[in-house]
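Beneath this line is the structure, given in structure tokens, with notes to follow.
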Amino acid sequence: MTALTPTQTIGVIGAGTMGAGIAQVAAQAGHEVWLYDLSAAAVDAGLHHISTGLDKLVARGKMTSDHKDAVMGRLKPAQDLAQLANAALAVEVIVEKLDVKQDLFKKLEDICPSDTILASNTSSISITSIAAGLTHPERLVGMHFFNPAPIMKLVEVVSGLATSQDVATTIYDTATAWGKKAVYAKSTPGFIVNRVARPFYAEALRIVQEGGSDFATLDAVMRDCGGFRMGPFELMDLIGHDVNYAVTNSVFDAYYGDPRFLPSLVQKELVNAGRLGRKTNAGFYDYHDTAQPVKINDYPSVNRSVERIDVVGDCSAIASLIAMLKTLEGVDLQIDENPTKPAEIKIGSAVLKLCDGRFATVRSREEGIENLIHFDLALDYATTPRIALAKSLQATDDALLEAVAFFQKLGKQVNVIEDLPGLIVMRTVAMLANEGADAVHQQVCSPQDVDIAMKNGVNYPIGPLQWTKRIGLSTVYETLKGLGQSYGEDRYRLSPLILKMVAAGRELDTLAEKD
């Protein structure tokens, strides 16, 4: 099989926001699309929503009026499910209830010819379970779009136990022909994105629960240092805590209570209080008209000169930071590359090190560094406008001021947070990489598809495994190992795949290479 041709008809069942969005995508690709819903009013509303959205594209010069009329002309309201009888593909976008979906697909199996592909847009229900009651379960596949479907690029093509590879390939090729980035996934809880993304929220919630940072500062660090479009707290407020908390619980339950997916009591309290985010004007932030501006705890300017900087160790994980140091004028810079230990930067009495999974206080004792200051990971130290620091309990206040002055000289806003393992960006990236590696280890998807999915499904700046390559798998390994030792919890256990690759001295991107 190959991609469906524009001459073939598409059926979409469910005319809500997602269903209408998928119908629009198919119609823009040239297909005649029949849109069905139990409520005729819902179909009318869905078509009106599509028309309004296309009018905005016309107004911005992104589409001509003739093109808009052609797209709308290919969209047909269906009053009866039987009108989908000639569809080459029928996509279900209805309520997330297994029995309801099973009943629908049994009806479609009776209505549609044997070569019609049946697809579910489910984000959480097993494709294997949905197909279990069908006479021909091999024709059912997951085709999971992301909201809003006309804009978001990713489509997860999910195979259940019985799904035909030819069917999965056709949907993959069709999604690609529709301008989407398609990835293959096995039918497991959360598929790729909803599984791998859990640490983005979970680590932030834990940091706040432990008093490590406030919401606004953590969000700013994740945006500015991590390069994420939104911080975890503002994103959870946008998604809605009822939805986000329910997804976390669903994945947690589906994995039989694996502590890696443990829901947060902090978020549970918001749900209990009805503070669901933007939809209720209150979540982590206040969205009422009278809300006060959000304050980020930036450190005050430190009036202190930096005259000499000594760098010793392996600088590969902070290469962009070292490149910045070489441009500083009036500073005596000495660099002694040593691949046997992570880099340390000495400024006056302060010793700065990229954080790992240990408390700075514990690392200070273990490595015999009294004035240890941890700094956080950044996507690119040259372009980040801020940096997060934490000092060991042994370090003097003067050493902290020297560290702050150093980063301020580089033009960075500095946020000093509590000493906690992995700080903010580093622990989040390490846990995302660990979950991505474990999805690969458990045969859910390929390493390449992990990165494609996270970049195109949730707009990460780069994929978690790509980031691992950038800073070195050994850096991620040491961070995860340190987090495990710091907390003593199975939540931070290392993926066996990372253990193997580190032992072999290889990076994750070499998995496709033949031995």
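Residues are named by chain letter and number: chains run A, B, ... in the order of the structure tokens, numbers start at 1 in each chain, and ligands are numbered from 1 in the order shown.
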
Excluding Ile322 of chain A and its own-chain neighbours fewer than 4 positions away, which residues fall within 12 Å of it when counting only C-alpha atoms? Please give them as a VMD selection string.
chain A and resid 309 to 318 326 to 328 333 to 337 343 to 345 380 to 382 410

Output of the above residues as a CSV table (one decimal), in the first residue's frame, restricted to N, CA, C and O atoms:
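For reference, selection_34.csv as written:
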chain,number,residue,atom,x,y,z
A,309,ILE,N,39.7,34.0,35.2
A,309,ILE,CA,38.9,32.8,35.2
A,309,ILE,C,39.7,31.6,34.8
A,309,ILE,O,40.5,31.6,33.8
A,310,ASP,N,39.7,30.5,35.6
A,310,ASP,CA,40.4,29.3,35.4
A,310,ASP,C,39.4,28.2,35.1
A,310,ASP,O,38.5,27.9,35.9
A,311,VAL,N,39.6,27.5,34.0
A,311,VAL,CA,38.7,26.4,33.6
A,311,VAL,C,39.6,25.1,33.5
A,311,VAL,O,40.6,25.1,32.8
A,312,VAL,N,39.1,24.1,34.2
A,312,VAL,CA,39.8,22.8,34.2
A,312,VAL,C,38.8,21.7,34.0
A,312,VAL,O,37.7,21.7,34.6
A,313,GLY,N,39.1,20.8,33.1
A,313,GLY,CA,38.3,19.6,32.9
A,313,GLY,C,37.7,19.5,31.5
A,313,GLY,O,38.1,20.2,30.6
A,314,ASP,N,36.7,18.6,31.3
A,314,ASP,CA,36.1,18.3,30.1
A,314,ASP,C,35.0,19.3,29.8
A,314,ASP,O,34.0,19.4,30.5
A,315,CYS,N,35.1,20.2,28.8
A,315,CYS,CA,34.2,21.3,28.5
A,315,CYS,C,33.2,21.0,27.5
A,315,CYS,O,32.4,21.9,27.1
A,316,SER,N,33.1,19.7,27.0
A,316,SER,CA,32.2,19.4,25.9
A,316,SER,C,30.7,19.7,26.2
A,316,SER,O,30.0,20.1,25.3
A,317,ALA,N,30.3,19.5,27.4
A,317,ALA,CA,28.9,19.7,27.7
A,317,ALA,C,28.5,21.2,27.9
A,317,ALA,O,27.3,21.5,27.8
A,318,ILE,N,29.5,22.0,28.0
A,318,ILE,CA,29.3,23.5,28.1
A,318,ILE,C,30.1,24.3,27.1
A,318,ILE,O,30.6,25.3,27.4
A,326,LYS,N,35.8,33.1,25.9
A,326,LYS,CA,36.9,33.5,25.1
A,326,LYS,C,36.7,34.9,24.4
A,326,LYS,O,37.7,35.4,23.9
A,327,THR,N,35.5,35.4,24.5
A,327,THR,CA,35.3,36.7,23.9
A,327,THR,C,35.4,37.8,24.9
A,327,THR,O,35.3,39.0,24.5
A,328,LEU,N,35.5,37.5,26.2
A,328,LEU,CA,35.5,38.5,27.2
A,328,LEU,C,36.8,39.3,27.1
A,328,LEU,O,37.9,38.7,27.0
A,333,LEU,N,42.0,34.6,31.1
A,333,LEU,CA,41.3,33.3,31.0
A,333,LEU,C,42.3,32.2,30.7
A,333,LEU,O,43.1,32.2,29.8
A,334,GLN,N,42.3,31.2,31.6
A,334,GLN,CA,43.2,30.0,31.5
A,334,GLN,C,42.3,28.8,31.4
A,334,GLN,O,41.5,28.5,32.2
A,335,ILE,N,42.5,28.0,30.3
A,335,ILE,CA,41.7,26.8,30.1
A,335,ILE,C,42.7,25.6,30.0
A,335,ILE,O,43.6,25.6,29.2
A,336,ASP,N,42.4,24.6,30.8
A,336,ASP,CA,43.2,23.3,30.8
A,336,ASP,C,42.2,22.2,30.6
A,336,ASP,O,41.6,21.7,31.5
A,337,GLU,N,42.1,21.8,29.3
A,337,GLU,CA,41.2,20.7,29.0
A,337,GLU,C,41.7,19.4,29.5
A,337,GLU,O,42.8,19.0,29.4
A,343,ALA,N,34.1,19.7,33.7
A,343,ALA,CA,34.7,21.0,33.8
A,343,ALA,C,34.3,21.7,35.1
A,343,ALA,O,33.2,21.6,35.6
A,344,GLU,N,35.3,22.5,35.7
A,344,GLU,CA,35.0,23.4,36.8
A,344,GLU,C,35.6,24.7,36.4
A,344,GLU,O,36.6,24.8,35.8
A,345,ILE,N,34.8,25.8,36.8
A,345,ILE,CA,35.2,27.1,36.5
A,345,ILE,C,35.5,27.8,37.8
A,345,ILE,O,34.6,27.9,38.6
A,380,ASP,N,21.5,26.7,24.9
A,380,ASP,CA,22.6,27.4,24.3
A,380,ASP,C,23.0,28.6,25.2
A,380,ASP,O,22.3,29.5,25.4
A,381,TYR,N,24.2,28.4,25.9
A,381,TYR,CA,24.6,29.4,26.8
A,381,TYR,C,24.9,30.8,26.2
A,381,TYR,O,24.8,31.8,26.8
A,382,ALA,N,25.2,30.8,24.9
A,382,ALA,CA,25.4,32.1,24.2
A,382,ALA,C,24.2,32.9,24.0
A,382,ALA,O,24.2,34.1,24.1
A,410,LEU,N,28.4,38.2,31.7
A,410,LEU,CA,28.1,37.6,30.5
A,410,LEU,C,26.7,38.0,29.9
A,410,LEU,O,26.3,37.5,28.9

Counting only C-alpha atoms, what is within 9 Å of Asp419 of chain A, bar same-chain residues fewer than 4 positions away, as JSON, numbers by chain?
{"A": [212, 359, 360, 361, 374, 389, 390, 391, 392, 393, 423]}

Dump as a tab-separated table (two decimals), in the first residue's frame, selection limited to C-alpha atoms:
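The file below, result-v4.tsv, is the result:
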chain	number	residue	atom	x	y	z
A	212	GLY	CA	13.14	24.68	45.27
A	359	PHE	CA	22.84	18.23	45.88
A	360	ALA	CA	25.62	20.80	45.58
A	361	THR	CA	26.02	20.33	49.33
A	374	HIS	CA	26.02	24.66	40.71
A	389	LEU	CA	22.37	28.87	40.27
A	390	ALA	CA	22.38	27.07	43.61
A	391	LYS	CA	25.07	27.14	46.26
A	392	SER	CA	26.15	24.38	48.58
A	393	LEU	CA	25.48	24.96	52.25
A	423	LEU	CA	18.38	22.05	39.45

Between atom CA of Ser305 of chain A and atom CA of Val351 of chain A, what is the distance in Å, rounded to a tenth?
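These atoms are spaced 16.2 Å apart.
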
Can you pull out every residue within 9 Å of Ser349 of chain A, counting only C-alpha atoms, but drop anything in the same chain fewer than 2 positions away, and send it as a compact mmCIF listing (two decimals) with all heavy atoms, in the first residue's frame?
# COMPACT_ATOMS: atom_id res chain seq x y z
N LYS A 346 36.69 28.36 37.94
CA LYS A 346 37.10 29.01 39.18
C LYS A 346 37.14 30.51 38.97
O LYS A 346 37.84 31.01 38.08
CB LYS A 346 38.47 28.49 39.62
CG LYS A 346 38.49 27.00 39.92
CD LYS A 346 39.88 26.54 40.35
CE LYS A 346 39.90 25.04 40.64
NZ LYS A 346 41.26 24.55 41.03
N ILE A 347 36.37 31.23 39.79
CA ILE A 347 36.37 32.69 39.79
C ILE A 347 36.55 33.15 41.23
O ILE A 347 35.64 32.96 42.05
CB ILE A 347 35.07 33.26 39.21
CG1 ILE A 347 34.84 32.75 37.79
CG2 ILE A 347 35.11 34.78 39.20
CD1 ILE A 347 33.51 32.16 37.59
N VAL A 351 33.87 28.02 42.98
CA VAL A 351 34.08 26.95 42.00
C VAL A 351 32.72 26.62 41.39
O VAL A 351 31.83 26.13 42.09
CB VAL A 351 34.71 25.71 42.63
CG1 VAL A 351 34.85 24.59 41.59
CG2 VAL A 351 36.06 26.04 43.25
N ASN A 371 33.55 25.91 48.31
CA ASN A 371 32.74 26.99 47.75
C ASN A 371 32.13 26.57 46.40
O ASN A 371 32.28 27.26 45.39
CB ASN A 371 33.56 28.26 47.60
CG ASN A 371 33.83 28.92 48.94
OD1 ASN A 371 32.91 29.04 49.77
ND2 ASN A 371 35.06 29.33 49.18
N THR A 396 30.38 30.07 50.91
CA THR A 396 30.17 31.38 51.53
C THR A 396 29.26 32.23 50.66
O THR A 396 29.12 32.01 49.45
CB THR A 396 31.50 32.12 51.72
OG1 THR A 396 32.07 32.39 50.42
CG2 THR A 396 32.48 31.27 52.54
N ASP A 398 29.96 35.17 49.87
CA ASP A 398 30.87 35.88 48.98
C ASP A 398 31.13 35.07 47.70
O ASP A 398 31.19 35.64 46.61
CB ASP A 398 32.20 36.16 49.69
CG ASP A 398 33.02 37.21 48.96
OD1 ASP A 398 32.55 38.36 48.85
OD2 ASP A 398 34.13 36.87 48.49
N ALA A 399 31.26 33.75 47.86
CA ALA A 399 31.46 32.89 46.69
C ALA A 399 30.24 32.96 45.76
O ALA A 399 30.38 32.99 44.53
CB ALA A 399 31.72 31.46 47.12
N GLU A 402 30.37 36.11 43.76
CA GLU A 402 31.33 36.03 42.66
C GLU A 402 30.74 35.26 41.47
O GLU A 402 30.95 35.63 40.31
CB GLU A 402 32.62 35.35 43.15
CG GLU A 402 33.43 36.25 44.06
CD GLU A 402 34.64 35.56 44.67
OE1 GLU A 402 34.51 34.40 45.13
OE2 GLU A 402 35.72 36.19 44.69

Between A:Lys469, A:Arg386, A:His31, A:Lys500, which has the minimum distance to Gly226 of chain A (counting only C-alpha atoms)?
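Checking each candidate against Gly226 of chain A, we get A:Arg386 as the closest.
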
Nearest to Val221 of chain A: which of A:Val425, A:Asn121, A:Tyr299, A:Ser164 is it, counting only C-alpha atoms?
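Of all the options, A:Val425 lies closest to Val221 of chain A.
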
Which of segment 259-489 of chain A fall in strand (DSSP E or B), as a ChimeraX atom specification:
/A:277,282,286,308-314,332-342,344-347,350-354,372-375,386-391,413-416

Work out how far atom CA of Gly368 of chain A is from atom CA of Ala350 of chain A, in Å to one decimal.
13.0 Å

At a cut-off of 10 Å, can you tabulate as JSON lines every residue of segment 65-172 of chain A near segment 12-29 of chain A together with its closest atom pair and the distance in Å to one decimal, using only C-alpha atoms and ordering rows by chain then number?
{"residue": "A:His67", "atom": "CA", "partner": "A:Gln28", "partner_atom": "CA", "distance": 8.8}
{"residue": "A:Lys68", "atom": "CA", "partner": "A:Gln28", "partner_atom": "CA", "distance": 8.8}
{"residue": "A:Ala70", "atom": "CA", "partner": "A:Gln28", "partner_atom": "CA", "distance": 8.6}
{"residue": "A:Val71", "atom": "CA", "partner": "A:Ala27", "partner_atom": "CA", "distance": 5.6}
{"residue": "A:Met72", "atom": "CA", "partner": "A:Ala27", "partner_atom": "CA", "distance": 7.7}
{"residue": "A:Gly73", "atom": "CA", "partner": "A:Ala27", "partner_atom": "CA", "distance": 8.8}
{"residue": "A:Arg74", "atom": "CA", "partner": "A:Ala27", "partner_atom": "CA", "distance": 6.0}
{"residue": "A:Leu75", "atom": "CA", "partner": "A:Ala27", "partner_atom": "CA", "distance": 6.5}
{"residue": "A:Lys76", "atom": "CA", "partner": "A:Ala23", "partner_atom": "CA", "distance": 9.7}
{"residue": "A:Pro77", "atom": "CA", "partner": "A:Ala15", "partner_atom": "CA", "distance": 9.8}
{"residue": "A:Ala78", "atom": "CA", "partner": "A:Ile13", "partner_atom": "CA", "distance": 9.4}
{"residue": "A:Leu81", "atom": "CA", "partner": "A:Ile13", "partner_atom": "CA", "distance": 8.3}
{"residue": "A:Leu84", "atom": "CA", "partner": "A:Val12", "partner_atom": "CA", "distance": 8.5}
{"residue": "A:Ala87", "atom": "CA", "partner": "A:Val12", "partner_atom": "CA", "distance": 9.4}
{"residue": "A:Leu89", "atom": "CA", "partner": "A:Val12", "partner_atom": "CA", "distance": 8.4}
{"residue": "A:Ala90", "atom": "CA", "partner": "A:Val12", "partner_atom": "CA", "distance": 5.7}
{"residue": "A:Val91", "atom": "CA", "partner": "A:Val12", "partner_atom": "CA", "distance": 4.8}
{"residue": "A:Glu92", "atom": "CA", "partner": "A:Ile13", "partner_atom": "CA", "distance": 4.9}
{"residue": "A:Val93", "atom": "CA", "partner": "A:Gly14", "partner_atom": "CA", "distance": 4.9}
{"residue": "A:Ile94", "atom": "CA", "partner": "A:Gly14", "partner_atom": "CA", "distance": 5.1}
{"residue": "A:Val95", "atom": "CA", "partner": "A:Gly14", "partner_atom": "CA", "distance": 8.5}
{"residue": "A:Leu104", "atom": "CA", "partner": "A:Ile13", "partner_atom": "CA", "distance": 9.2}
{"residue": "A:Ala119", "atom": "CA", "partner": "A:Val12", "partner_atom": "CA", "distance": 9.5}
{"residue": "A:Ser120", "atom": "CA", "partner": "A:Ile13", "partner_atom": "CA", "distance": 9.6}
{"residue": "A:Asn121", "atom": "CA", "partner": "A:Gly19", "partner_atom": "CA", "distance": 8.9}
{"residue": "A:Phe145", "atom": "CA", "partner": "A:Ile22", "partner_atom": "CA", "distance": 7.7}
{"residue": "A:Phe146", "atom": "CA", "partner": "A:Met18", "partner_atom": "CA", "distance": 8.0}
{"residue": "A:Asn147", "atom": "CA", "partner": "A:Met18", "partner_atom": "CA", "distance": 6.4}
{"residue": "A:Pro148", "atom": "CA", "partner": "A:Gly21", "partner_atom": "CA", "distance": 6.6}
{"residue": "A:Ala149", "atom": "CA", "partner": "A:Gly21", "partner_atom": "CA", "distance": 5.0}
{"residue": "A:Pro150", "atom": "CA", "partner": "A:Val25", "partner_atom": "CA", "distance": 5.6}
{"residue": "A:Ile151", "atom": "CA", "partner": "A:Gly21", "partner_atom": "CA", "distance": 8.9}

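All residues within segment 61-161 of chain A that the backbone DSSP calculation assigns to alpha helix (DSSP H) are Ser65, Asp66, His67, Lys68, Asp69, Ala70, Val71, Met72, Gly73, Leu98, Asp99, Val100, Lys101, Gln102, Asp103, Leu104, Phe105, Lys106, Lys107, Leu108, Glu109, Asp110, Ile111, Ile127, Thr128, Ser129, Ile130 and Ala131 of chain A.
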
Just N, CA and C atoms for this one: save the residues we selected as a PDB file, in the first residue's frame.
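Saved file part-v6.pdb follows:
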ATOM      1  N   SER A  65      -9.393  33.276  -1.630  1.00  0.00           N
ATOM      2  CA  SER A  65     -10.821  33.016  -1.426  1.00  0.00           C
ATOM      3  C   SER A  65     -11.284  31.814  -2.236  1.00  0.00           C
ATOM      4  N   ASP A  66     -10.733  31.677  -3.457  1.00  0.00           N
ATOM      5  CA  ASP A  66     -11.105  30.539  -4.293  1.00  0.00           C
ATOM      6  C   ASP A  66     -10.665  29.227  -3.661  1.00  0.00           C
ATOM      7  N   HIS A  67      -9.471  29.223  -3.086  1.00  0.00           N
ATOM      8  CA  HIS A  67      -8.967  28.008  -2.428  1.00  0.00           C
ATOM      9  C   HIS A  67      -9.830  27.672  -1.222  1.00  0.00           C
ATOM     10  N   LYS A  68     -10.195  28.689  -0.464  1.00  0.00           N
ATOM     11  CA  LYS A  68     -11.060  28.477   0.697  1.00  0.00           C
ATOM     12  C   LYS A  68     -12.398  27.875   0.269  1.00  0.00           C
ATOM     13  N   ASP A  69     -12.982  28.410  -0.811  1.00  0.00           N
ATOM     14  CA  ASP A  69     -14.268  27.896  -1.290  1.00  0.00           C
ATOM     15  C   ASP A  69     -14.136  26.453  -1.754  1.00  0.00           C
ATOM     16  N   ALA A  70     -12.989  26.128  -2.368  1.00  0.00           N
ATOM     17  CA  ALA A  70     -12.773  24.758  -2.849  1.00  0.00           C
ATOM     18  C   ALA A  70     -12.680  23.782  -1.687  1.00  0.00           C
ATOM     19  N   VAL A  71     -11.977  24.195  -0.625  1.00  0.00           N
ATOM     20  CA  VAL A  71     -11.854  23.345   0.564  1.00  0.00           C
ATOM     21  C   VAL A  71     -13.232  23.123   1.185  1.00  0.00           C
ATOM     22  N   MET A  72     -13.989  24.190   1.377  1.00  0.00           N
ATOM     23  CA  MET A  72     -15.317  24.059   1.980  1.00  0.00           C
ATOM     24  C   MET A  72     -16.242  23.223   1.103  1.00  0.00           C
ATOM     25  N   GLY A  73     -16.050  23.295  -0.222  1.00  0.00           N
ATOM     26  CA  GLY A  73     -16.880  22.516  -1.127  1.00  0.00           C
ATOM     27  C   GLY A  73     -16.633  21.018  -1.020  1.00  0.00           C
ATOM     28  N   LEU A  98     -13.988   3.188  25.959  1.00  0.00           N
ATOM     29  CA  LEU A  98     -13.705   1.991  25.179  1.00  0.00           C
ATOM     30  C   LEU A  98     -14.961   1.376  24.573  1.00  0.00           C
ATOM     31  N   ASP A  99     -15.998   1.191  25.380  1.00  0.00           N
ATOM     32  CA  ASP A  99     -17.195   0.503  24.867  1.00  0.00           C
ATOM     33  C   ASP A  99     -17.878   1.300  23.758  1.00  0.00           C
ATOM     34  N   VAL A 100     -17.855   2.624  23.862  1.00  0.00           N
ATOM     35  CA  VAL A 100     -18.475   3.463  22.837  1.00  0.00           C
ATOM     36  C   VAL A 100     -17.700   3.360  21.523  1.00  0.00           C
ATOM     37  N   LYS A 101     -16.381   3.361  21.634  1.00  0.00           N
ATOM     38  CA  LYS A 101     -15.550   3.241  20.428  1.00  0.00           C
ATOM     39  C   LYS A 101     -15.727   1.865  19.788  1.00  0.00           C
ATOM     40  N   GLN A 102     -15.739   0.819  20.599  1.00  0.00           N
ATOM     41  CA  GLN A 102     -15.910  -0.527  20.064  1.00  0.00           C
ATOM     42  C   GLN A 102     -17.234  -0.656  19.318  1.00  0.00           C
ATOM     43  N   ASP A 103     -18.289  -0.098  19.887  1.00  0.00           N
ATOM     44  CA  ASP A 103     -19.609  -0.167  19.254  1.00  0.00           C
ATOM     45  C   ASP A 103     -19.606   0.564  17.912  1.00  0.00           C
ATOM     46  N   LEU A 104     -18.951   1.729  17.865  1.00  0.00           N
ATOM     47  CA  LEU A 104     -18.879   2.489  16.617  1.00  0.00           C
ATOM     48  C   LEU A 104     -18.152   1.697  15.533  1.00  0.00           C
ATOM     49  N   PHE A 105     -16.998   1.116  15.880  1.00  0.00           N
ATOM     50  CA  PHE A 105     -16.217   0.420  14.859  1.00  0.00           C
ATOM     51  C   PHE A 105     -16.905  -0.859  14.373  1.00  0.00           C
ATOM     52  N   LYS A 106     -17.680  -1.484  15.223  1.00  0.00           N
ATOM     53  CA  LYS A 106     -18.470  -2.636  14.762  1.00  0.00           C
ATOM     54  C   LYS A 106     -19.483  -2.192  13.702  1.00  0.00           C
ATOM     55  N   LYS A 107     -20.101  -1.036  13.917  1.00  0.00           N
ATOM     56  CA  LYS A 107     -21.045  -0.503  12.933  1.00  0.00           C
ATOM     57  C   LYS A 107     -20.331  -0.144  11.637  1.00  0.00           C
ATOM     58  N   LEU A 108     -19.155   0.478  11.767  1.00  0.00           N
ATOM     59  CA  LEU A 108     -18.401   0.851  10.566  1.00  0.00           C
ATOM     60  C   LEU A 108     -17.936  -0.374   9.794  1.00  0.00           C
ATOM     61  N   GLU A 109     -17.610  -1.432  10.516  1.00  0.00           N
ATOM     62  CA  GLU A 109     -17.168  -2.655   9.857  1.00  0.00           C
ATOM     63  C   GLU A 109     -18.302  -3.236   9.010  1.00  0.00           C
ATOM     64  N   ASP A 110     -19.522  -3.072   9.454  1.00  0.00           N
ATOM     65  CA  ASP A 110     -20.681  -3.549   8.689  1.00  0.00           C
ATOM     66  C   ASP A 110     -21.011  -2.626   7.516  1.00  0.00           C
ATOM     67  N   ILE A 111     -20.765  -1.329   7.696  1.00  0.00           N
ATOM     68  CA  ILE A 111     -21.143  -0.341   6.684  1.00  0.00           C
ATOM     69  C   ILE A 111     -20.117  -0.241   5.557  1.00  0.00           C
ATOM     70  N   ILE A 127      -5.236   0.521  21.282  1.00  0.00           N
ATOM     71  CA  ILE A 127      -5.739   0.165  19.946  1.00  0.00           C
ATOM     72  C   ILE A 127      -6.091  -1.314  19.906  1.00  0.00           C
ATOM     73  N   THR A 128      -5.314  -2.127  20.580  1.00  0.00           N
ATOM     74  CA  THR A 128      -5.596  -3.562  20.648  1.00  0.00           C
ATOM     75  C   THR A 128      -6.971  -3.817  21.258  1.00  0.00           C
ATOM     76  N   SER A 129      -7.293  -3.085  22.328  1.00  0.00           N
ATOM     77  CA  SER A 129      -8.587  -3.254  22.996  1.00  0.00           C
ATOM     78  C   SER A 129      -9.735  -2.790  22.110  1.00  0.00           C
ATOM     79  N   ILE A 130      -9.550  -1.683  21.425  1.00  0.00           N
ATOM     80  CA  ILE A 130     -10.614  -1.166  20.559  1.00  0.00           C
ATOM     81  C   ILE A 130     -10.916  -2.169  19.449  1.00  0.00           C
ATOM     82  N   ALA A 131      -9.869  -2.790  18.920  1.00  0.00           N
ATOM     83  CA  ALA A 131     -10.027  -3.704  17.777  1.00  0.00           C
ATOM     84  C   ALA A 131     -10.492  -5.094  18.179  1.00  0.00           C
TER      85      ALA A 131
END

Would you pick out the contacts of Glu156 of chain A at 6 Å or less, using only C-alpha atoms, so that residues sharing its chain but fewer than 3 positions from it are not included, and give the list as a list in words?
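Near neighbours after the sequence-gap exclusion: Met143, His144, Ala182 and Val183 of chain A.
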
Restricted to all heavy atoms, what would the selected residues look like written as a PDB file, in the first residue's frame?
ATOM      1  N   MET A 143      -4.537   6.723  14.629  1.00  0.00           N
ATOM      2  CA  MET A 143      -4.078   7.891  13.859  1.00  0.00           C
ATOM      3  C   MET A 143      -4.264   9.098  14.760  1.00  0.00           C
ATOM      4  O   MET A 143      -5.278   9.801  14.704  1.00  0.00           O
ATOM      5  CB  MET A 143      -4.871   8.031  12.560  1.00  0.00           C
ATOM      6  CG  MET A 143      -4.286   9.019  11.576  1.00  0.00           C
ATOM      7  SD  MET A 143      -5.262   9.100  10.029  1.00  0.00           S
ATOM      8  CE  MET A 143      -4.166  10.086   9.008  1.00  0.00           C
ATOM      9  N   HIS A 144      -3.270   9.312  15.625  1.00  0.00           N
ATOM     10  CA  HIS A 144      -3.411  10.287  16.706  1.00  0.00           C
ATOM     11  C   HIS A 144      -2.856  11.650  16.302  1.00  0.00           C
ATOM     12  O   HIS A 144      -1.651  11.845  16.211  1.00  0.00           O
ATOM     13  CB  HIS A 144      -2.686   9.774  17.958  1.00  0.00           C
ATOM     14  CG  HIS A 144      -2.822  10.688  19.132  1.00  0.00           C
ATOM     15  ND1 HIS A 144      -1.840  10.831  20.100  1.00  0.00           N
ATOM     16  CD2 HIS A 144      -3.827  11.528  19.507  1.00  0.00           C
ATOM     17  CE1 HIS A 144      -2.237  11.690  20.996  1.00  0.00           C
ATOM     18  NE2 HIS A 144      -3.433  12.134  20.665  1.00  0.00           N
ATOM     19  N   ALA A 182       4.874  12.119  10.525  1.00  0.00           N
ATOM     20  CA  ALA A 182       4.323  10.878  11.064  1.00  0.00           C
ATOM     21  C   ALA A 182       5.400  10.066  11.768  1.00  0.00           C
ATOM     22  O   ALA A 182       6.574  10.085  11.374  1.00  0.00           O
ATOM     23  CB  ALA A 182       3.692  10.051   9.945  1.00  0.00           C
ATOM     24  N   VAL A 183       5.001   9.371  12.820  1.00  0.00           N
ATOM     25  CA  VAL A 183       5.891   8.450  13.531  1.00  0.00           C
ATOM     26  C   VAL A 183       5.125   7.158  13.806  1.00  0.00           C
ATOM     27  O   VAL A 183       3.908   7.166  13.969  1.00  0.00           O
ATOM     28  CB  VAL A 183       6.399   9.041  14.869  1.00  0.00           C
ATOM     29  CG1 VAL A 183       7.326  10.226  14.623  1.00  0.00           C
ATOM     30  CG2 VAL A 183       5.241   9.439  15.783  1.00  0.00           C
TER      31      VAL A 183
END

Can you tell me which residues surround Thr169 of chain A at a distance of at most 9 Å, considering only C-alpha atoms, apart from same-chain residues fewer than 2 positions away, and format the answer as an MDAnalysis selection string?
chainID A and resid 1:3 157 164:167 171:174 184

When you look at segment 434-447 of chain A with a cut-off of 7 Å (counting only C-alpha atoms), what residues show up, excluding the ones that are within fewer than 4 positions of it in the same chain? I need them as JSON, numbers by chain.
{"A": [184, 185, 186, 196, 430, 451, 494, 495, 497, 498]}

Would you mind telling me which residue in A:Leu161, A:Ala405, A:Ala504, A:Val141 lies nearest to Ile387 of chain A when using only C-alpha atoms?
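Residue with the minimum atom-to-atom distance to Ile387 of chain A: A:Ala405.
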